[in-house]
Amino acid sequence: MGPQHPSTHGVFRMDVVLDGERVMKLKPVFGYLHRNHEKIAEHETYLGSMPYTDRLDYICSLTNNWAYALAVEKLAGIQVPERAEYIRVITAELTRFLNHGALIGFLTQDMGASGTPLMYAFRERETILDLFESLTGARMMCNYMRFGGCRVDLPAGWLDQARKFVATLPRFLDEFERLLASNEILMARTQGVGVLSKEFAINAGVTGPILRASGVNYDLRKVDKYGIYDRFAFKIPMGEHGDTYDRYMMRLLEMRESVKILNQALKDIPEGPIIDPKTKIRGFKPKPGEAYGRIESPKGELGFYLVSDGTANPYRYRVRSCCMMNLTVLEQLCIGHNVADVVVILGSIDIVMGEVDR
Amino acid sequence: MTLETIKSELEAKIPGCVLEIVPNPSPSAQHSLRIDPAHAVAIATFLRDADHLQFDYCSNVTGIDWPAKEISEKVKVKQIVDGVEQEVEEVQKSTTIGYLEVVYHLFSMEKKHGPVILRMRTEDRAEQVHLPSLTPVWQSAEFQEREIFDLYGVIFDGHPDLRRILMWDGFKDHPMRKDYVEPDDYEYEPTAHDEVLERARQHRTVMGAL
Amino acid sequence: MFGEGILRGLAETARNFLGSYVSKNRLTTVQYPEERLPQIEAYRNFPFLVYDGEDWQQGLRCVSCFICEKECPPKCIFIEKSTDKKPDAVGKPQFYPKVFNIDVSVCMSCQICVEVCPFDAIKMDTDYELSTTNRFSALLWDKQHLAKSNEHYHKIHPTEAAAVDAQLAAERAKVAAKAKASADAKAAADAKTASAAPATPPVPAASEK
């Protein structure tokens with residue numbers, strides 16, 4: 001199933017060995033979008049790599065920025081002021097919301113619901129992207145986080161706009177669920193398809209909603225407690241069966257938890273600086289050493305491993321990409337199913353080729 | 001459960017293994033443990049299966065290239081100067097052997113602790129680049145070890161399917177190494193800087209005035 | 001009943017469809033280019049050079065310090081420094097860029113050049129209807145194409161431009177005040193030396209510009 005295919009979520013190729021309609025073997029082939037991000041980062045300064053991180057998982061650019069900023073802050077020991085932490089949480093949860101919405105939309109589109117749930121999700125996505133545009137200046141390639149805080153402060157009226165928008169989200173989520181939750185076609189195509197066992201998921205390094213759908217309680221927001229996530233009260237949805245239906249419902253439930261976190265963060269955000277005024281933009285040279293910083297991006301664990309040798313360019317810059325790790329299980333999940341199920345399973349694993357290939 | 005206790009446990013359980021703690025001078029304080037390739041699989045299996053450790057999740061496998069470095073140090077040497085034996089300072093140049101390094105980040109999903117960082121080094125960068133693969137222990141290392149083979153050239157023994165992953169199959173050379181020379185394909189480059197400008201100038205003199 | 005879930009979903013879709021005739025927020029399509037959404041002020045798309053006053057060459061704020069060229073991640077800015085100097089807004093002679101090219105096909109509008117410029121000389125534009133017919137030379141913008149007036153900056157980013165103008169005015173006032181204070185001190189010192197040694201003719205105080 002070659003790279004030019006409408007349902008492979010980007011330029012992704014699968015070499016599938018079939019017996020009639022059943023899949024016998026499946027080998028994923030990628031590298032079509034390999035843009036050499038890691039080597040470019042060795043020639044750029046630390047700040048110069050920040051716009052490139054936007055383009056890793058291009059749907060969720062703000063969480064990529066946060067992961068990189070977190071890794072550099074660990075490397076250099078920089079503290080982040082409180083208001084910046086709240087802004088980071090708000091933008092990250094908004095990103096999680098729009099990512100899960102887009103994913104449900106794309107998954108159902110692959111199953112044949114030609115675009116209706118997708119456009120419903122995109123309606124909310126447009127409002128969120130307008131919020132991002134008024135905050136950062138761009139809709140998708142935000143380039144917003146800096147080492148030690150954020151680039152600019154919230155413009156006047158942004159918080160009220162955000163609060164008004166978040167207040168409409170529970171009603172939207174009810175409508176979205178009612179659209180497809182008890183749909184017989186959806187249930188027939190996803191229940192029992194692509195069952196991922198708990199032990200295999202842990203061993204294969206799968207993280208994110210896919211892991212939690214298989215019944216493992218591992219969410220970096222609760223385990224690492226990075227940022228200020230320990231101040232917010234939210235639950236971690238977990239699945240029982242580990243099939244595609246559980247992975248689909250996981251996203252819906254996580255969207256509801258994101259709304260809970262957003263309500264709390266938008267209420268409690270304090271005044272204050274968003275970055276230490278004495279930080280220099282140019283000439284940032286961390287001491288030699290290394291650091292591994294990771295966050296719970298909407299797709300899984302996104303980590304950055306930085307090795308510094310004391311100069312302005314990193315010696316080694318590595319992106320631990322969650323989408324590439326999640327693809328490890330694709331072969332095991334698809335064996336024994338039909339070709340049509342391969343598309344559904346791939347959609348539920350949720351890959352973005354920008355992150356798989358970097 | 002610190003790195004020192006893990007090290008002493010490993011030395012007790014697996015005789016003959018050579019371990020070394022590599023300190024990390026940055027504020028992140030993520031120190032790593034250098035293991036020897038001969039006992040790597042045994043060490044990894046112990047870390048994964050021991051009851052109090054249970055490092056069942058290998059999060060990140062990275063390759064790092066350390067090319068050979070020339071170091072010059074001042075050494076006091078006894079020399080005969082004007083008939084008198086004196087100690088003279090002499091500058092001695094030596095070259096360290098370059099090596100490729102593979103770093104593993106381990107976490108525990110069961111116990112929710114970590115990270116434990118393991119490092120393995122090859123002998124040199126040319127011929128002796130074989131390291132044991134930890135894919136039989138953690139399946140998550142499969143794609144990442146293939147990527148290190150593709151981009152750095154480390155050959156993992158015991159990997160189920162070692163072939164190029166990001167570059168195409170017929171590609172020669174290993175792009176992420178520090179001494180990788182990019183192919184000389186000149187394109188229209190209106191705002192060229194530094195090395196790109198040099199190469200563009202060479203092309204222009206060959207192709208004539210542009 | 002079998003099929004109930006599908007019917008419930010279809011009821012949802014029907015509600016959306018019929019609702020779009022009645023309420024505005026269900027009708028989300030904007031018929032571009034006849035209808036346009038209002039432009040958000042903070043939007044950024046490709047940089048431009050700011051000049052003060054009427055003459056774009058005289059009033060160009062850029063002093064060719066090369067900082068934006070060094071910090072640009074995809075290295076799309078190309079500057080050549082001039083050999084002569086021209087006076088800037090406070091009259092101090094400064095270098096100016098003889099050549100200032102931006103390769104727009106490479107630029108990713110990341111705004112790092114704006115952040116690092118110490119002279120507020122390069123800012124982000126908002127125009128996105130930029131299609132050309134020539135892929136190479138039409139996407140390499142030179143100094144003349146890039147230079148746009150301060151009024152244009154005020155039109156596209158009013159609050160930002162007002163803040164920049166206030167900051168520049170404050171800086172120039174500080175420079176003027178310091179020069180005036182030093183001129184006054186020098187005049188006082190010369191008056192003293194003139195009264196102490198009448199043979200020496202008084203030196204006129206150096207005037208600031």
# chains A, B, ... in the order shown; residues from 1 in each chain; ligands from 1
call {"tool": "closest_atom_pairs", "arguments": {"of": "chain B", "to": "chain A", "cutoff": "9 Å", "atoms": "only C-alpha atoms", "output": "Markdown table"}}
result
| residue | atom | partner | partner_atom | distance |
| --- | --- | --- | --- | --- |
| B:Pro23 | CA | A:Gly289 | CA | 8.8 |
| B:Asn24 | CA | A:Gly289 | CA | 5.4 |
| B:Pro25 | CA | A:Gly289 | CA | 5.2 |
| B:Ser26 | CA | A:Gly289 | CA | 4.6 |
| B:Pro27 | CA | A:Gly77 | CA | 5.2 |
| B:Ser28 | CA | A:Lys74 | CA | 5.2 |
| B:Ala29 | CA | A:Ala291 | CA | 8.0 |
| B:Gln30 | CA | A:Ala291 | CA | 6.6 |
| B:His31 | CA | A:Glu290 | CA | 8.9 |
| B:Asp56 | CA | A:Asn203 | CA | 6.2 |
| B:Tyr57 | CA | A:Gly205 | CA | 5.9 |
| B:Cys58 | CA | A:Gly205 | CA | 6.2 |
| B:Ser59 | CA | A:Gly205 | CA | 6.1 |
| B:Asn60 | CA | A:Arg320 | CA | 6.0 |
| B:Val61 | CA | A:Arg320 | CA | 8.2 |
| B:Thr62 | CA | A:Arg318 | CA | 7.0 |
| B:Gly63 | CA | A:Arg318 | CA | 8.7 |
| B:Ile64 | CA | A:Arg316 | CA | 6.7 |
| B:Asp65 | CA | A:Arg316 | CA | 8.4 |
| B:His105 | CA | A:Tyr292 | CA | 8.6 |
| B:Met109 | CA | A:Tyr218 | CA | 6.4 |
| B:Glu110 | CA | A:Tyr218 | CA | 8.5 |
| B:Lys112 | CA | A:Val223 | CA | 6.5 |
| B:His113 | CA | A:Val223 | CA | 8.4 |
| B:Val137 | CA | A:Asn203 | CA | 8.1 |
| B:Trp138 | CA | A:Asn203 | CA | 5.3 |
| B:Gln139 | CA | A:Ala204 | CA | 4.5 |
| B:Ser140 | CA | A:Ala204 | CA | 4.1 |
| B:Ala141 | CA | A:Ala204 | CA | 7.8 |
| B:Glu142 | CA | A:Thr328 | CA | 7.7 |
| B:Phe143 | CA | A:Thr328 | CA | 7.1 |
| B:Gln144 | CA | A:Met325 | CA | 8.3 |
| B:Ile165 | CA | A:Gly31 | CA | 6.7 |
| B:Leu166 | CA | A:Gly31 | CA | 4.1 |
| B:Met167 | CA | A:Gly31 | CA | 6.2 |
| B:Trp168 | CA | A:Gly31 | CA | 7.7 |
| B:Pro175 | CA | A:Lys39 | CA | 8.4 |
| B:Met176 | CA | A:Lys39 | CA | 6.4 |
call {"tool": "write_last_selection", "arguments": {"atoms": "C-alpha atoms", "output": "mmCIF file, in the first residue's frame"}}
result
data_model
loop_
_atom_site.group_PDB
_atom_site.id
_atom_site.type_symbol
_atom_site.label_atom_id
_atom_site.label_comp_id
_atom_site.auth_asym_id
_atom_site.auth_seq_id
_atom_site.Cartn_x
_atom_site.Cartn_y
_atom_site.Cartn_z
ATOM 1 C CA PRO B 23 28.733 11.703 35.391
ATOM 2 C CA ASN B 24 26.622 14.390 33.779
ATOM 3 C CA PRO B 25 27.885 17.884 34.641
ATOM 4 C CA SER B 26 24.723 19.732 33.574
ATOM 5 C CA PRO B 27 21.999 20.762 36.074
ATOM 6 C CA SER B 28 19.800 17.901 34.866
ATOM 7 C CA ALA B 29 21.985 15.460 36.867
ATOM 8 C CA GLN B 30 21.011 12.525 34.680
ATOM 9 C CA HIS B 31 24.055 10.344 35.166
ATOM 10 C CA ASP B 56 10.049 -2.638 31.257
ATOM 11 C CA TYR B 57 9.972 0.427 29.021
ATOM 12 C CA CYS B 58 12.901 1.425 26.851
ATOM 13 C CA SER B 59 12.005 4.906 25.809
ATOM 14 C CA ASN B 60 14.823 6.236 23.681
ATOM 15 C CA VAL B 61 17.800 4.740 21.854
ATOM 16 C CA THR B 62 20.239 7.339 20.535
ATOM 17 C CA GLY B 63 23.451 7.182 18.590
ATOM 18 C CA ILE B 64 26.224 9.705 19.122
ATOM 19 C CA ASP B 65 29.334 10.109 17.022
ATOM 20 C CA HIS B 105 16.919 5.557 28.300
ATOM 21 C CA MET B 109 5.798 1.740 33.734
ATOM 22 C CA GLU B 110 5.012 -0.617 36.573
ATOM 23 C CA LYS B 112 6.847 4.635 37.682
ATOM 24 C CA HIS B 113 10.518 5.390 38.299
ATOM 25 C CA VAL B 137 14.760 -7.572 25.510
ATOM 26 C CA TRP B 138 12.745 -4.483 24.524
ATOM 27 C CA GLN B 139 10.858 -4.505 21.231
ATOM 28 C CA SER B 140 10.842 -0.717 21.227
ATOM 29 C CA ALA B 141 14.519 -0.732 20.341
ATOM 30 C CA GLU B 142 13.790 -2.344 16.978
ATOM 31 C CA PHE B 143 13.137 0.731 14.861
ATOM 32 C CA GLN B 144 15.548 2.922 16.765
ATOM 33 C CA ILE B 165 14.954 2.634 7.683
ATOM 34 C CA LEU B 166 14.985 6.337 6.788
ATOM 35 C CA MET B 167 17.328 6.416 3.811
ATOM 36 C CA TRP B 168 16.587 4.315 0.755
ATOM 37 C CA PRO B 175 24.575 10.692 7.076
ATOM 38 C CA MET B 176 24.606 11.615 10.750
#
call {"tool": "closest_atom_pairs", "arguments": {"of": "chain A", "to": "chain C", "cutoff": "7 Å", "atoms": "only C-alpha atoms", "output": "tab-separated table"}}
result
residue	atom	partner	partner_atom	distance
A:Glu44	CA	C:Pro73	CA	6.6
A:Gly48	CA	C:Pro73	CA	4.9
A:Pro51	CA	C:Cys110	CA	6.1
A:Glu133	CA	C:Tyr43	CA	6.1
A:Ser134	CA	C:Ala42	CA	5.3
A:Gly137	CA	C:Tyr43	CA	4.2
A:Ala138	CA	C:Tyr43	CA	5.9
A:Asn143	CA	C:Cys110	CA	6.5
A:Arg178	CA	C:Gly9	CA	6.4
A:Leu179	CA	C:Gly9	CA	4.1
A:Leu180	CA	C:Gly9	CA	5.9
A:Ser182	CA	C:Gly5	CA	4.6
A:Asn183	CA	C:Gly5	CA	4.2
A:Glu184	CA	C:Gly5	CA	6.0
call {"tool": "interface_residues", "arguments": {"of": "chain C", "to": "chain B", "cutoff": "7 Å", "atoms": "only C-alpha atoms", "output": "list in words"}}
result
Cys76, Ile77, Phe78 and Asp103 of chain C
call {"tool": "write_last_selection", "arguments": {"atoms": "N, CA, C and O atoms", "output": "PDB file, in the first residue's frame"}}
result
ATOM      1  N   CYS C  76      18.057  32.697   5.010  1.00  0.00           N
ATOM      2  CA  CYS C  76      17.470  33.213   3.775  1.00  0.00           C
ATOM      3  C   CYS C  76      17.740  34.692   3.578  1.00  0.00           C
ATOM      4  O   CYS C  76      17.311  35.258   2.586  1.00  0.00           O
ATOM      5  N   ILE C  77      18.446  35.356   4.499  1.00  0.00           N
ATOM      6  CA  ILE C  77      18.728  36.789   4.362  1.00  0.00           C
ATOM      7  C   ILE C  77      20.158  36.939   3.873  1.00  0.00           C
ATOM      8  O   ILE C  77      21.053  36.235   4.329  1.00  0.00           O
ATOM      9  N   PHE C  78      20.361  37.862   2.952  1.00  0.00           N
ATOM     10  CA  PHE C  78      21.691  38.113   2.417  1.00  0.00           C
ATOM     11  C   PHE C  78      21.919  39.611   2.441  1.00  0.00           C
ATOM     12  O   PHE C  78      21.176  40.365   1.836  1.00  0.00           O
ATOM     13  N   ASP C 103      15.202  35.568   0.463  1.00  0.00           N
ATOM     14  CA  ASP C 103      14.665  34.540  -0.424  1.00  0.00           C
ATOM     15  C   ASP C 103      13.362  34.037   0.178  1.00  0.00           C
ATOM     16  O   ASP C 103      13.350  33.262   1.128  1.00  0.00           O
TER      17      ASP C 103
END
call {"tool": "atom_distance", "arguments": {"atom1": "atom CA of A:Lys267", "atom2": "atom CA of A:Tyr58"}}
result
29.0 Å
call {"tool": "atom_distance", "arguments": {"atom1": "atom CA of A:Leu135", "atom2": "atom CA of A:Lys299"}}
result
23.6 Å
call {"tool": "select_by_dssp", "arguments": {"residues": "stretch 68-211 of chain A", "states": "strand (DSSP E or B)", "output": "VMD selection string"}}
result
chain A and resid 145 to 146 149 to 150
call {"tool": "write_last_selection", "arguments": {"atoms": "N, CA and C atoms", "output": "short mmCIF file (atom, residue, chain, number, x, y, z; two decimals), in the first residue's frame"}}
result
data_model
loop_
_atom_site.label_atom_id
_atom_site.label_comp_id
_atom_site.auth_asym_id
_atom_site.auth_seq_id
_atom_site.Cartn_x
_atom_site.Cartn_y
_atom_site.Cartn_z
N MET A 145 7.17 28.94 22.30
CA MET A 145 7.85 28.75 23.58
C MET A 145 9.30 29.19 23.46
N ARG A 146 9.82 29.74 24.55
CA ARG A 146 11.22 30.09 24.61
C ARG A 146 11.80 29.41 25.84
N GLY A 149 10.26 30.38 29.33
CA GLY A 149 8.94 30.99 29.34
C GLY A 149 8.33 30.99 27.96
N CYS A 150 7.58 32.04 27.67
CA CYS A 150 6.92 32.16 26.37
C CYS A 150 7.40 33.42 25.67
#
call {"tool": "atom_distance", "arguments": {"atom1": "atom CA of B:Asp184", "atom2": "atom CA of C:Arg135"}}
result
22.8 Å
call {"tool": "decode", "arguments": {"residues": "stretch 113-127 of chain C", "atoms": "all heavy atoms", "output": "compact mmCIF listing (two decimals), in the first residue's frame"}}
result
# COMPACT_ATOMS: atom_id res chain seq x y z
N CYS C 113 14.14 36.96 13.14
CA CYS C 113 14.86 38.16 12.72
C CYS C 113 14.27 39.40 13.39
O CYS C 113 15.00 40.31 13.78
CB CYS C 113 14.83 38.30 11.20
SG CYS C 113 13.18 38.32 10.48
N VAL C 114 12.94 39.42 13.55
CA VAL C 114 12.30 40.56 14.20
C VAL C 114 12.69 40.63 15.66
O VAL C 114 12.98 41.70 16.21
CB VAL C 114 10.78 40.44 14.05
CG1 VAL C 114 10.07 41.48 14.86
CG2 VAL C 114 10.40 40.57 12.61
N GLU C 115 12.75 39.44 16.31
CA GLU C 115 13.07 39.42 17.74
C GLU C 115 14.45 39.92 18.04
O GLU C 115 14.70 40.53 19.07
CB GLU C 115 12.97 37.98 18.25
CG GLU C 115 11.66 37.61 18.82
CD GLU C 115 11.68 36.17 19.30
OE1 GLU C 115 12.23 35.93 20.38
OE2 GLU C 115 11.18 35.31 18.59
N VAL C 116 15.43 39.61 17.15
CA VAL C 116 16.81 39.93 17.50
C VAL C 116 17.26 41.28 16.97
O VAL C 116 18.34 41.74 17.32
CB VAL C 116 17.78 38.85 16.99
CG1 VAL C 116 17.52 37.55 17.68
CG2 VAL C 116 17.67 38.69 15.51
N CYS C 117 16.45 41.95 16.10
CA CYS C 117 16.93 43.20 15.53
C CYS C 117 16.98 44.27 16.60
O CYS C 117 15.96 44.59 17.21
CB CYS C 117 15.99 43.65 14.41
SG CYS C 117 16.43 45.24 13.71
N PRO C 118 18.14 44.88 16.87
CA PRO C 118 18.22 45.89 17.92
C PRO C 118 17.73 47.26 17.49
O PRO C 118 17.62 48.16 18.32
CB PRO C 118 19.71 45.94 18.27
CG PRO C 118 20.41 45.22 17.21
CD PRO C 118 19.45 44.59 16.29
N PHE C 119 17.43 47.44 16.21
CA PHE C 119 17.06 48.77 15.72
C PHE C 119 15.63 48.86 15.26
O PHE C 119 15.24 49.86 14.67
CB PHE C 119 17.99 49.17 14.55
CG PHE C 119 19.43 49.26 14.97
CD1 PHE C 119 20.28 48.19 14.82
CD2 PHE C 119 19.93 50.42 15.52
CE1 PHE C 119 21.60 48.27 15.21
CE2 PHE C 119 21.24 50.51 15.91
CZ PHE C 119 22.09 49.43 15.76
N ASP C 120 14.80 47.82 15.51
CA ASP C 120 13.41 47.80 15.05
C ASP C 120 13.32 48.09 13.57
O ASP C 120 12.45 48.83 13.12
CB ASP C 120 12.56 48.83 15.81
CG ASP C 120 12.44 48.46 17.26
OD1 ASP C 120 11.99 47.34 17.54
OD2 ASP C 120 12.81 49.29 18.10
N ALA C 121 14.24 47.54 12.80
CA ALA C 121 14.30 47.87 11.37
C ALA C 121 13.54 46.87 10.52
O ALA C 121 13.17 47.18 9.40
CB ALA C 121 15.75 47.91 10.91
N ILE C 122 13.35 45.63 11.01
CA ILE C 122 12.69 44.60 10.21
C ILE C 122 11.48 44.13 10.99
O ILE C 122 11.58 43.87 12.19
CB ILE C 122 13.67 43.44 9.88
CG1 ILE C 122 13.04 42.48 8.89
CG2 ILE C 122 14.14 42.72 11.09
CD1 ILE C 122 14.02 41.52 8.29
N LYS C 123 10.33 44.10 10.35
CA LYS C 123 9.10 43.70 11.02
C LYS C 123 8.34 42.74 10.12
O LYS C 123 8.67 42.59 8.94
CB LYS C 123 8.21 44.93 11.30
CG LYS C 123 8.82 45.92 12.26
CD LYS C 123 8.85 45.38 13.65
CE LYS C 123 9.62 46.29 14.58
NZ LYS C 123 9.90 45.69 15.85
N MET C 124 7.30 42.11 10.67
CA MET C 124 6.58 41.11 9.87
C MET C 124 5.40 41.74 9.14
O MET C 124 4.62 42.50 9.72
CB MET C 124 6.04 39.99 10.77
CG MET C 124 7.08 39.11 11.40
SD MET C 124 8.35 38.54 10.30
CE MET C 124 7.56 37.18 9.53
N ASP C 125 5.27 41.39 7.90
CA ASP C 125 4.18 41.85 7.06
C ASP C 125 2.99 40.91 7.24
O ASP C 125 3.09 39.92 7.94
CB ASP C 125 4.67 41.85 5.60
CG ASP C 125 3.94 42.87 4.76
OD1 ASP C 125 2.93 43.43 5.21
OD2 ASP C 125 4.40 43.11 3.64
N THR C 126 1.84 41.25 6.60
CA THR C 126 0.68 40.36 6.74
C THR C 126 0.09 39.96 5.41
O THR C 126 -0.95 39.32 5.38
CB THR C 126 -0.44 41.06 7.54
OG1 THR C 126 -0.70 42.30 6.92
CG2 THR C 126 -0.06 41.23 8.98
N ASP C 127 0.72 40.30 4.31
CA ASP C 127 0.12 40.01 3.01
C ASP C 127 0.34 38.56 2.63
O ASP C 127 1.45 38.04 2.71
CB ASP C 127 0.79 40.93 1.98
CG ASP C 127 -0.01 40.98 0.70
OD1 ASP C 127 -1.16 40.52 0.70
OD2 ASP C 127 0.54 41.46 -0.30
